[in-house]
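Student: What follows is my_file01.txt, made up of compact mmCIF, C-alpha atoms:
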```
# COMPACT_ATOMS: atom_id res chain seq x y z
CA MET A 1 64.89 290.80 -28.75
CA GLY A 2 63.77 289.25 -25.46
CA PHE A 3 60.29 288.83 -24.02
CA LYS A 4 60.53 292.01 -21.96
CA GLU A 5 61.17 294.20 -25.00
CA HIS A 6 58.01 292.92 -26.72
CA LEU A 7 55.95 293.47 -23.56
CA LYS A 8 57.41 296.97 -23.13
CA ARG A 9 56.61 297.77 -26.75
CA ALA A 10 52.98 296.74 -26.21
CA VAL A 11 52.68 299.03 -23.18
CA ASP A 12 54.53 301.91 -24.86
CA ASP A 13 52.45 301.69 -28.05
CA VAL A 14 49.05 301.86 -26.35
CA PRO A 15 48.13 305.10 -24.57
CA GLY A 16 46.72 304.18 -21.14
CA ALA A 17 48.35 300.74 -21.04
CA MET A 18 49.93 299.91 -17.67
CA LEU A 19 51.07 296.30 -17.62
CA CYS A 20 51.75 293.54 -20.10
CA THR A 21 52.59 290.01 -19.08
CA LEU A 22 53.40 286.70 -20.76
CA MET A 23 52.05 284.12 -18.38
CA GLY A 24 51.45 280.40 -18.08
CA HIS A 25 47.90 279.15 -17.59
CA ASP A 26 49.17 278.03 -14.18
CA GLY A 27 49.52 281.72 -13.25
CA ILE A 28 53.31 281.83 -13.30
CA ALA A 29 54.63 284.70 -15.42
CA ILE A 30 57.53 284.25 -17.82
CA ASP A 31 58.03 287.99 -17.95
CA THR A 32 56.12 291.20 -17.16
CA TYR A 33 56.57 294.85 -18.00
CA GLU A 34 54.72 297.46 -15.95
CA THR A 35 54.65 301.24 -15.63
CA ASP A 36 55.12 303.18 -12.39
CA LEU A 37 51.35 303.73 -12.32
CA ALA A 38 50.76 299.96 -12.49
CA ILE A 39 53.13 299.46 -9.55
CA GLU A 40 51.38 302.23 -7.62
CA ARG A 41 47.94 300.72 -8.35
CA ASP A 42 49.25 297.20 -7.65
CA VAL A 43 47.88 295.92 -10.96
CA SER A 44 50.15 292.85 -10.92
CA THR A 45 48.01 291.23 -8.20
CA SER A 46 45.05 291.40 -10.63
CA THR A 47 46.82 288.85 -12.83
CA VAL A 48 46.13 286.14 -10.21
CA GLU A 49 42.37 286.64 -10.50
CA LEU A 50 42.66 286.93 -14.27
CA THR A 51 44.38 283.55 -14.53
CA SER A 52 41.60 281.88 -12.55
CA LEU A 53 38.94 283.66 -14.60
CA LEU A 54 40.64 282.65 -17.84
CA ALA A 55 40.52 278.99 -16.77
CA GLN A 56 36.75 279.31 -16.25
CA VAL A 57 36.29 280.99 -19.62
CA ARG A 58 38.28 278.28 -21.41
CA GLN A 59 36.11 275.64 -19.75
CA SER A 60 32.96 277.39 -20.94
CA THR A 61 33.89 277.56 -24.64
CA GLN A 62 32.29 274.17 -25.30
CA GLY A 63 28.94 275.31 -23.88
CA LEU A 64 29.31 278.59 -25.74
CA LYS A 65 30.10 276.68 -28.94
CA SER A 66 32.62 279.44 -29.61
CA GLY A 67 35.51 277.19 -30.56
CA ASN A 68 38.94 277.64 -28.97
CA LEU A 69 39.37 280.96 -27.19
CA THR A 70 41.25 283.53 -29.26
CA GLU A 71 40.60 286.64 -27.16
CA LEU A 72 39.04 287.75 -23.89
CA VAL A 73 38.30 291.34 -22.92
CA VAL A 74 37.09 292.22 -19.43
CA GLY A 75 36.28 295.91 -19.26
CA GLY A 76 35.55 297.57 -15.92
CA GLN A 77 34.97 301.12 -14.72
CA ASP A 78 38.56 301.39 -13.47
CA LEU A 79 40.56 298.87 -15.46
CA CYS A 80 40.36 296.80 -18.62
CA ALA A 81 42.16 293.50 -19.24
CA ILE A 82 42.77 292.08 -22.71
CA VAL A 83 43.87 288.46 -22.89
CA ARG A 84 45.20 286.58 -25.89
CA PRO A 85 46.21 282.91 -25.64
CA VAL A 86 49.47 282.51 -27.59
CA THR A 87 49.99 278.75 -27.17
CA ASP A 88 48.22 275.96 -25.27
CA GLU A 89 50.40 276.80 -22.27
CA TYR A 90 50.85 280.56 -22.37
CA PHE A 91 48.81 283.72 -22.75
CA LEU A 92 49.43 287.42 -23.10
CA ALA A 93 47.54 289.91 -20.93
CA LEU A 94 47.48 293.67 -21.27
CA PHE A 95 46.00 295.90 -18.57
CA LEU A 96 44.70 299.33 -19.54
CA ALA A 97 43.32 302.25 -17.58
CA SER A 98 39.60 302.65 -18.23
CA GLY A 99 38.93 304.80 -21.28
CA ALA A 100 42.19 303.75 -22.95
CA ASN A 101 42.19 302.62 -26.56
CA GLN A 102 41.08 298.98 -26.38
CA GLY A 103 41.15 298.54 -30.15
CA LYS A 104 44.82 299.53 -30.23
CA GLY A 105 45.50 297.20 -27.31
CA ARG A 106 43.91 294.26 -29.12
CA TYR A 107 45.87 295.11 -32.26
CA VAL A 108 49.21 295.28 -30.45
CA LEU A 109 48.69 291.90 -28.75
CA ARG A 110 47.86 290.38 -32.13
CA ALA A 111 50.99 291.98 -33.57
CA ILE A 112 53.52 290.80 -30.95
CA SER A 113 51.93 287.37 -30.46
CA PRO A 114 53.70 285.50 -33.32
CA ARG A 115 57.06 286.94 -32.24
CA LEU A 116 56.60 285.68 -28.70
CA VAL A 117 55.56 282.25 -30.00
CA GLU A 118 58.79 282.22 -32.01
CA GLU A 119 60.88 283.03 -28.95
CA LEU A 120 59.04 280.43 -26.87
CA GLY A 121 60.40 277.98 -29.43
CA MET B 1 10.00 301.34 -30.65
CA GLY B 2 10.01 298.03 -28.78
CA PHE B 3 12.95 295.95 -27.53
CA LYS B 4 12.92 293.71 -30.58
CA GLU B 5 13.42 296.61 -33.00
CA HIS B 6 16.56 297.75 -31.11
CA LEU B 7 17.91 294.19 -31.05
CA LYS B 8 17.17 293.76 -34.75
CA ARG B 9 18.92 297.03 -35.51
CA ALA B 10 22.03 295.84 -33.68
CA VAL B 11 22.13 292.63 -35.72
CA ASP B 12 21.34 294.40 -39.01
CA ASP B 13 23.98 297.08 -38.46
CA VAL B 14 26.88 294.70 -37.79
CA PRO B 15 28.02 292.49 -40.66
CA GLY B 16 28.42 288.94 -39.30
CA ALA B 17 26.11 289.50 -36.31
CA MET B 18 23.71 286.62 -35.73
CA LEU B 19 21.85 287.12 -32.47
CA CYS B 20 21.20 289.94 -30.03
CA THR B 21 19.42 289.44 -26.73
CA LEU B 22 18.32 291.54 -23.77
CA MET B 23 18.53 289.17 -20.84
CA GLY B 24 18.26 289.09 -17.07
CA HIS B 25 21.26 287.99 -15.03
CA ASP B 26 19.04 285.03 -14.10
CA GLY B 27 19.27 283.85 -17.73
CA ILE B 28 15.71 284.69 -18.69
CA ALA B 29 15.53 286.77 -21.88
CA ILE B 30 13.22 289.75 -22.19
CA ASP B 31 13.58 289.65 -25.95
CA THR B 32 15.87 288.19 -28.60
CA TYR B 33 16.40 288.76 -32.29
CA GLU B 34 18.23 286.15 -34.33
CA THR B 35 19.03 285.49 -37.98
CA ASP B 36 18.27 282.25 -39.83
CA LEU B 37 21.95 281.36 -39.53
CA ALA B 38 21.76 281.74 -35.73
CA ILE B 39 18.75 279.41 -35.64
CA GLU B 40 20.56 276.93 -37.88
CA ARG B 41 23.67 277.05 -35.67
CA ASP B 42 21.54 276.95 -32.50
CA VAL B 43 23.31 280.01 -31.08
CA SER B 44 20.51 280.73 -28.61
CA THR B 45 21.60 277.79 -26.44
CA SER B 46 24.98 279.52 -26.04
CA THR B 47 23.27 282.25 -24.03
CA VAL B 48 22.76 279.80 -21.14
CA GLU B 49 26.51 279.25 -20.79
CA LEU B 50 27.14 282.95 -21.31
CA THR B 51 24.86 283.88 -18.40
CA SER B 52 26.69 281.54 -16.07
CA LEU B 53 30.07 282.81 -17.30
CA LEU B 54 28.97 286.41 -16.84
CA ALA B 55 28.07 285.68 -13.20
CA GLN B 56 31.61 284.35 -12.65
CA VAL B 57 33.16 287.38 -14.33
CA ARG B 58 31.10 289.79 -12.21
CA GLN B 59 32.25 287.96 -9.08
CA SER B 60 35.86 288.30 -10.12
CA THR B 61 35.85 292.08 -10.66
CA GLN B 62 36.83 292.71 -7.02
CA GLY B 63 39.91 290.51 -7.33
CA LEU B 64 40.66 292.10 -10.68
CA LYS B 65 40.24 295.56 -9.13
CA SER B 66 38.57 296.50 -12.41
CA GLY B 67 35.55 298.24 -10.91
CA ASN B 68 32.03 297.33 -12.06
CA LEU B 69 31.92 295.39 -15.31
CA THR B 70 31.13 297.57 -18.32
CA GLU B 71 31.92 295.10 -21.10
CA LEU B 72 32.93 291.50 -21.70
CA VAL B 73 34.16 290.07 -24.99
CA VAL B 74 34.71 286.34 -25.43
CA GLY B 75 36.21 285.68 -28.83
CA GLY B 76 36.50 282.13 -30.14
CA GLN B 77 37.53 280.51 -33.40
CA ASP B 78 33.89 280.00 -34.42
CA LEU B 79 31.89 282.61 -32.50
CA CYS B 80 32.38 285.83 -30.58
CA ALA B 81 30.10 287.09 -27.80
CA ILE B 82 30.00 290.74 -26.71
CA VAL B 83 28.24 291.47 -23.43
CA ARG B 84 27.25 294.83 -22.03
CA PRO B 85 25.45 295.13 -18.68
CA VAL B 86 22.70 297.74 -19.09
CA THR B 87 21.32 297.78 -15.54
CA ASP B 88 22.01 295.80 -12.34
CA GLU B 89 19.45 293.27 -13.52
CA TYR B 90 19.81 293.11 -17.28
CA PHE B 91 22.50 292.78 -19.92
CA LEU B 92 22.77 292.92 -23.68
CA ALA B 93 24.60 290.19 -25.59
CA LEU B 94 25.52 290.17 -29.26
CA PHE B 95 26.81 287.03 -30.97
CA LEU B 96 28.96 287.40 -34.07
CA ALA B 97 30.45 284.94 -36.51
CA SER B 98 34.22 284.76 -36.09
CA GLY B 99 36.00 287.38 -38.18
CA ALA B 100 33.04 289.80 -37.94
CA ASN B 101 33.62 293.42 -37.00
CA GLN B 102 33.90 293.35 -33.18
CA GLY B 103 34.54 297.08 -32.95
CA LYS B 104 31.28 297.82 -34.75
CA GLY B 105 29.50 295.33 -32.49
CA ARG B 106 30.80 297.03 -29.35
CA TYR B 107 29.81 300.41 -30.74
CA VAL B 108 26.26 299.33 -31.59
CA LEU B 109 25.66 297.86 -28.12
CA ARG B 110 26.90 301.12 -26.57
CA ALA B 111 24.57 303.04 -28.89
CA ILE B 112 21.35 301.11 -28.21
CA SER B 113 22.02 300.61 -24.49
CA PRO B 114 20.58 303.96 -23.21
CA ARG B 115 17.42 303.47 -25.29
CA LEU B 116 16.82 300.04 -23.82
CA VAL B 117 17.39 301.40 -20.30
CA GLU B 118 14.74 304.02 -21.08
CA GLU B 119 12.25 301.39 -22.22
CA LEU B 120 13.01 299.23 -19.18
CA GLY B 121 11.75 302.20 -17.19
```
Give the structure from the file, written as structure tokens.

Tutor:
Amino acid sequence: MGFKEHLKRAVDDVPGAMLCTLMGHDGIAIDTYETDLAIERDVSTSTVELTSLLAQVRQSTQGLKSGNLTELVVGGQDLCAIVRPVTDEYFLALFLASGANQGKGRYVLRAISPRLVEELG
Amino acid sequence: MGFKEHLKRAVDDVPGAMLCTLMGHDGIAIDTYETDLAIERDVSTSTVELTSLLAQVRQSTQGLKSGNLTELVVGGQDLCAIVRPVTDEYFLALFLASGANQGKGRYVLRAISPRLVEELG
């Protein structure tokens, strides 16, 4: 099972999910799966901003005394992004339409994460 | 019912919650309720970093195309912070020990939010 299948499963399993990507902290995606709605709404360009935001959040964990980042959720009126670092180099991000089931989204990322780590070798 | 009672209720209702604050985007708190554990772990100093991080996140919502921020969750290995803007000037933040019930935390902030807005006048 390749990366794309896991990312597709995440999107398919969460009602309202539009795009799932496995991406390096440098902003370069290994693989991405997106729905027609995500293409129409041009959600993939949001991943650029998300990568830069994630870098800021990771820098702030020392001041927050939160320990290493395990999850980031940015919920907006139109779109919600759930981020889960999977290794020091890569993270998973799932974009949902607003009002979608965030809890299910977080669960699915947790569920596919170890499989992706395995495939990353 | 004053601010403190609502903040105390949020902490009391969520197992693992340690501190709840109603704070201006300028970092000045209107009121805060914290447990002995929060005082011991000096969680209140984390709110300074959180305020600065929140400003960065709000700036990035245009690039994210997420619409106005409704919720931010920063989950770390030791601590999780849930933020909910309540007005243009103020936000609620709830700090939880890692492994605490985030879903309950998000729910409680949603629940007390309209009451705090009312009291803010």

Student: Nearest to Gly16 (chain A) among A:Leu64, A:Phe91, A:Leu37, A:Val48, with distances taken over only C-alpha atoms: which residue is it?

Tutor: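 Answer, going by the shortest atom-to-atom distance: A:Leu37.
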
Student: Which residue gives the smallest distance to Ile28 (chain B) among B:Val74, B:Ala111, B:Ala10, B:Leu50, with all atoms listed in the file counted?

Tutor: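 Distance minimum relative to Ile28 (chain B) lands on B:Leu50.
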
Student: Select, as an MDAnalysis selection string, those residues of chain B with any atom no more than 10 Å from chain A (distances computed using only C-alpha atoms).

Tutor: chainID B and resid 41:50 52:54 56:84 95:98 102:103

Student: Between CA of Met18 (chain A) and CA of Phe3 (chain A), what is the distance in Å, rounded to a tenth?

Tutor: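 Atom-to-atom, CA of Met18 (chain A) to CA of Phe3 (chain A), that is 16.4 Å.
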
Student: What is the CA of Ala38 (chain B) to CA of Val86 (chain B) distance in Å?

Tutor: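 Straight-line distance from CA of Ala38 (chain B) to CA of Val86 (chain B) works out to 23.1 Å.
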
Student: Figure out the distance between CA of Ala93 (chain A) and CA of Val108 (chain B), please, to one decimal in Å.

Tutor: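 For CA of Val108 (chain B) relative to CA of Ala93 (chain A), the distance reads 25.6 Å.
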
Student: Take chain A, lay it over chain B with a least-squares fit on all the Cα atoms in order, then hand it over as an mmCIF file with C-alpha atoms, in the frame of the given file.

Tutor:
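Everything below was put into out17.cif:
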```
data_model
loop_
_atom_site.group_PDB
_atom_site.id
_atom_site.type_symbol
_atom_site.label_atom_id
_atom_site.label_comp_id
_atom_site.auth_asym_id
_atom_site.auth_seq_id
_atom_site.Cartn_x
_atom_site.Cartn_y
_atom_site.Cartn_z
ATOM 1 C CA MET A 1 10.016 301.340 -30.667
ATOM 2 C CA GLY A 2 10.025 298.043 -28.768
ATOM 3 C CA PHE A 3 12.929 295.954 -27.518
ATOM 4 C CA LYS A 4 12.907 293.711 -30.581
ATOM 5 C CA GLU A 5 13.434 296.607 -32.986
ATOM 6 C CA HIS A 6 16.558 297.740 -31.104
ATOM 7 C CA LEU A 7 17.930 294.184 -31.044
ATOM 8 C CA LYS A 8 17.177 293.753 -34.761
ATOM 9 C CA ARG A 9 18.913 297.039 -35.514
ATOM 10 C CA ALA A 10 22.033 295.851 -33.676
ATOM 11 C CA VAL A 11 22.122 292.631 -35.710
ATOM 12 C CA ASP A 12 21.338 294.392 -38.999
ATOM 13 C CA ASP A 13 23.984 297.086 -38.455
ATOM 14 C CA VAL A 14 26.878 294.707 -37.786
ATOM 15 C CA PRO A 15 28.035 292.489 -40.660
ATOM 16 C CA GLY A 16 28.420 288.938 -39.302
ATOM 17 C CA ALA A 17 26.126 289.491 -36.314
ATOM 18 C CA MET A 18 23.697 286.612 -35.717
ATOM 19 C CA LEU A 19 21.844 287.127 -32.455
ATOM 20 C CA CYS A 20 21.172 289.933 -30.025
ATOM 21 C CA THR A 21 19.406 289.433 -26.733
ATOM 22 C CA LEU A 22 18.317 291.537 -23.763
ATOM 23 C CA MET A 23 18.531 289.171 -20.847
ATOM 24 C CA GLY A 24 18.257 289.090 -17.078
ATOM 25 C CA HIS A 25 21.266 287.987 -15.045
ATOM 26 C CA ASP A 26 19.062 285.031 -14.095
ATOM 27 C CA GLY A 27 19.294 283.865 -17.726
ATOM 28 C CA ILE A 28 15.720 284.693 -18.685
ATOM 29 C CA ALA A 29 15.536 286.773 -21.865
ATOM 30 C CA ILE A 30 13.216 289.755 -22.178
ATOM 31 C CA ASP A 31 13.552 289.648 -25.937
ATOM 32 C CA THR A 32 15.866 288.191 -28.601
ATOM 33 C CA TYR A 33 16.389 288.773 -32.291
ATOM 34 C CA GLU A 34 18.240 286.156 -34.331
ATOM 35 C CA THR A 35 19.026 285.488 -37.982
ATOM 36 C CA ASP A 36 18.263 282.255 -39.839
ATOM 37 C CA LEU A 37 21.952 281.353 -39.527
ATOM 38 C CA ALA A 38 21.762 281.736 -35.732
ATOM 39 C CA ILE A 39 18.746 279.411 -35.651
ATOM 40 C CA GLU A 40 20.561 276.917 -37.874
ATOM 41 C CA ARG A 41 23.683 277.048 -35.664
ATOM 42 C CA ASP A 42 21.543 276.957 -32.501
ATOM 43 C CA VAL A 43 23.317 280.011 -31.088
ATOM 44 C CA SER A 44 20.505 280.722 -28.606
ATOM 45 C CA THR A 45 21.597 277.774 -26.434
ATOM 46 C CA SER A 46 24.992 279.509 -26.039
ATOM 47 C CA THR A 47 23.264 282.250 -24.046
ATOM 48 C CA VAL A 48 22.769 279.800 -21.142
ATOM 49 C CA GLU A 49 26.518 279.254 -20.799
ATOM 50 C CA LEU A 50 27.144 282.960 -21.306
ATOM 51 C CA THR A 51 24.856 283.876 -18.411
ATOM 52 C CA SER A 52 26.712 281.520 -16.079
ATOM 53 C CA LEU A 53 30.074 282.802 -17.303
ATOM 54 C CA LEU A 54 28.967 286.403 -16.838
ATOM 55 C CA ALA A 55 28.076 285.666 -13.202
ATOM 56 C CA GLN A 56 31.617 284.346 -12.647
ATOM 57 C CA VAL A 57 33.158 287.381 -14.322
ATOM 58 C CA ARG A 58 31.095 289.783 -12.205
ATOM 59 C CA GLN A 59 32.238 287.953 -9.079
ATOM 60 C CA SER A 60 35.869 288.298 -10.127
ATOM 61 C CA THR A 61 35.844 292.080 -10.658
ATOM 62 C CA GLN A 62 36.805 292.696 -7.027
ATOM 63 C CA GLY A 63 39.916 290.512 -7.326
ATOM 64 C CA LEU A 64 40.665 292.105 -10.682
ATOM 65 C CA LYS A 65 40.227 295.558 -9.135
ATOM 66 C CA SER A 66 38.554 296.486 -12.415
ATOM 67 C CA GLY A 67 35.544 298.216 -10.912
ATOM 68 C CA ASN A 68 32.018 297.341 -12.051
ATOM 69 C CA LEU A 69 31.906 295.397 -15.304
ATOM 70 C CA THR A 70 31.116 297.572 -18.315
ATOM 71 C CA GLU A 71 31.918 295.111 -21.109
ATOM 72 C CA LEU A 72 32.906 291.501 -21.702
ATOM 73 C CA VAL A 73 34.146 290.078 -24.990
ATOM 74 C CA VAL A 74 34.704 286.348 -25.428
ATOM 75 C CA GLY A 75 36.210 285.681 -28.832
ATOM 76 C CA GLY A 76 36.508 282.126 -30.143
ATOM 77 C CA GLN A 77 37.536 280.516 -33.419
ATOM 78 C CA ASP A 78 33.895 280.021 -34.433
ATOM 79 C CA LEU A 79 31.907 282.603 -32.512
ATOM 80 C CA CYS A 80 32.369 285.826 -30.585
ATOM 81 C CA ALA A 81 30.103 287.103 -27.802
ATOM 82 C CA ILE A 82 29.998 290.738 -26.703
ATOM 83 C CA VAL A 83 28.233 291.469 -23.432
ATOM 84 C CA ARG A 84 27.242 294.837 -22.027
ATOM 85 C CA PRO A 85 25.457 295.135 -18.669
ATOM 86 C CA VAL A 86 22.704 297.749 -19.093
ATOM 87 C CA THR A 87 21.328 297.788 -15.530
ATOM 88 C CA ASP A 88 22.006 295.821 -12.337
ATOM 89 C CA GLU A 89 19.437 293.277 -13.516
ATOM 90 C CA TYR A 90 19.818 293.129 -17.282
ATOM 91 C CA PHE A 91 22.507 292.789 -19.918
ATOM 92 C CA LEU A 92 22.769 292.925 -23.674
ATOM 93 C CA ALA A 93 24.606 290.193 -25.583
ATOM 94 C CA LEU A 94 25.526 290.172 -29.245
ATOM 95 C CA PHE A 95 26.800 287.033 -30.970
ATOM 96 C CA LEU A 96 28.972 287.397 -34.060
ATOM 97 C CA ALA A 97 30.460 284.937 -36.511
ATOM 98 C CA SER A 98 34.230 284.760 -36.095
ATOM 99 C CA GLY A 99 35.998 287.397 -38.167
ATOM 100 C CA ALA A 100 33.047 289.797 -37.946
ATOM 101 C CA ASN A 101 33.615 293.415 -36.999
ATOM 102 C CA GLN A 102 33.870 293.337 -33.198
ATOM 103 C CA GLY A 103 34.551 297.063 -32.946
ATOM 104 C CA LYS A 104 31.282 297.815 -34.735
ATOM 105 C CA GLY A 105 29.496 295.323 -32.495
ATOM 106 C CA ARG A 106 30.798 297.021 -29.353
ATOM 107 C CA TYR A 107 29.810 300.410 -30.753
ATOM 108 C CA VAL A 108 26.262 299.327 -31.589
ATOM 109 C CA LEU A 109 25.671 297.869 -28.110
ATOM 110 C CA ARG A 110 26.896 301.125 -26.587
ATOM 111 C CA ALA A 111 24.572 303.034 -28.907
ATOM 112 C CA ILE A 112 21.332 301.116 -28.214
ATOM 113 C CA SER A 113 22.019 300.618 -24.497
ATOM 114 C CA PRO A 114 20.580 303.940 -23.194
ATOM 115 C CA ARG A 115 17.441 303.458 -25.303
ATOM 116 C CA LEU A 116 16.826 300.028 -23.823
ATOM 117 C CA VAL A 117 17.388 301.388 -20.306
ATOM 118 C CA GLU A 118 14.755 304.020 -21.085
ATOM 119 C CA GLU A 119 12.252 301.402 -22.212
ATOM 120 C CA LEU A 120 12.996 299.228 -19.180
ATOM 121 C CA GLY A 121 11.759 302.226 -17.208
#
```

Student: Which protein, DNA or RNA residues are at most 10 Å from (13.3, 291.3, -23.2) in the file's coordinates when you count all atoms listed in the file, listed as a PyMOL selection string?

Tutor: chain B and resi 2-4+7+21-24+28-33+90-92+116+120

Student: Pick the closest to Arg9 (chain A) from A:Ser113, A:Thr51, A:Asn101, A:Thr87: which is it, counting all atoms listed in the file?

Tutor: A:Ser113

Student: Which one is closest to Gly27 (chain A): A:Val117, A:Ala55, A:Leu94, A:Leu109? Count all atoms listed in the file.

Tutor: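 Nearest candidate to Gly27 (chain A) out of A:Val117, A:Ala55, A:Leu94, A:Leu109: A:Ala55.
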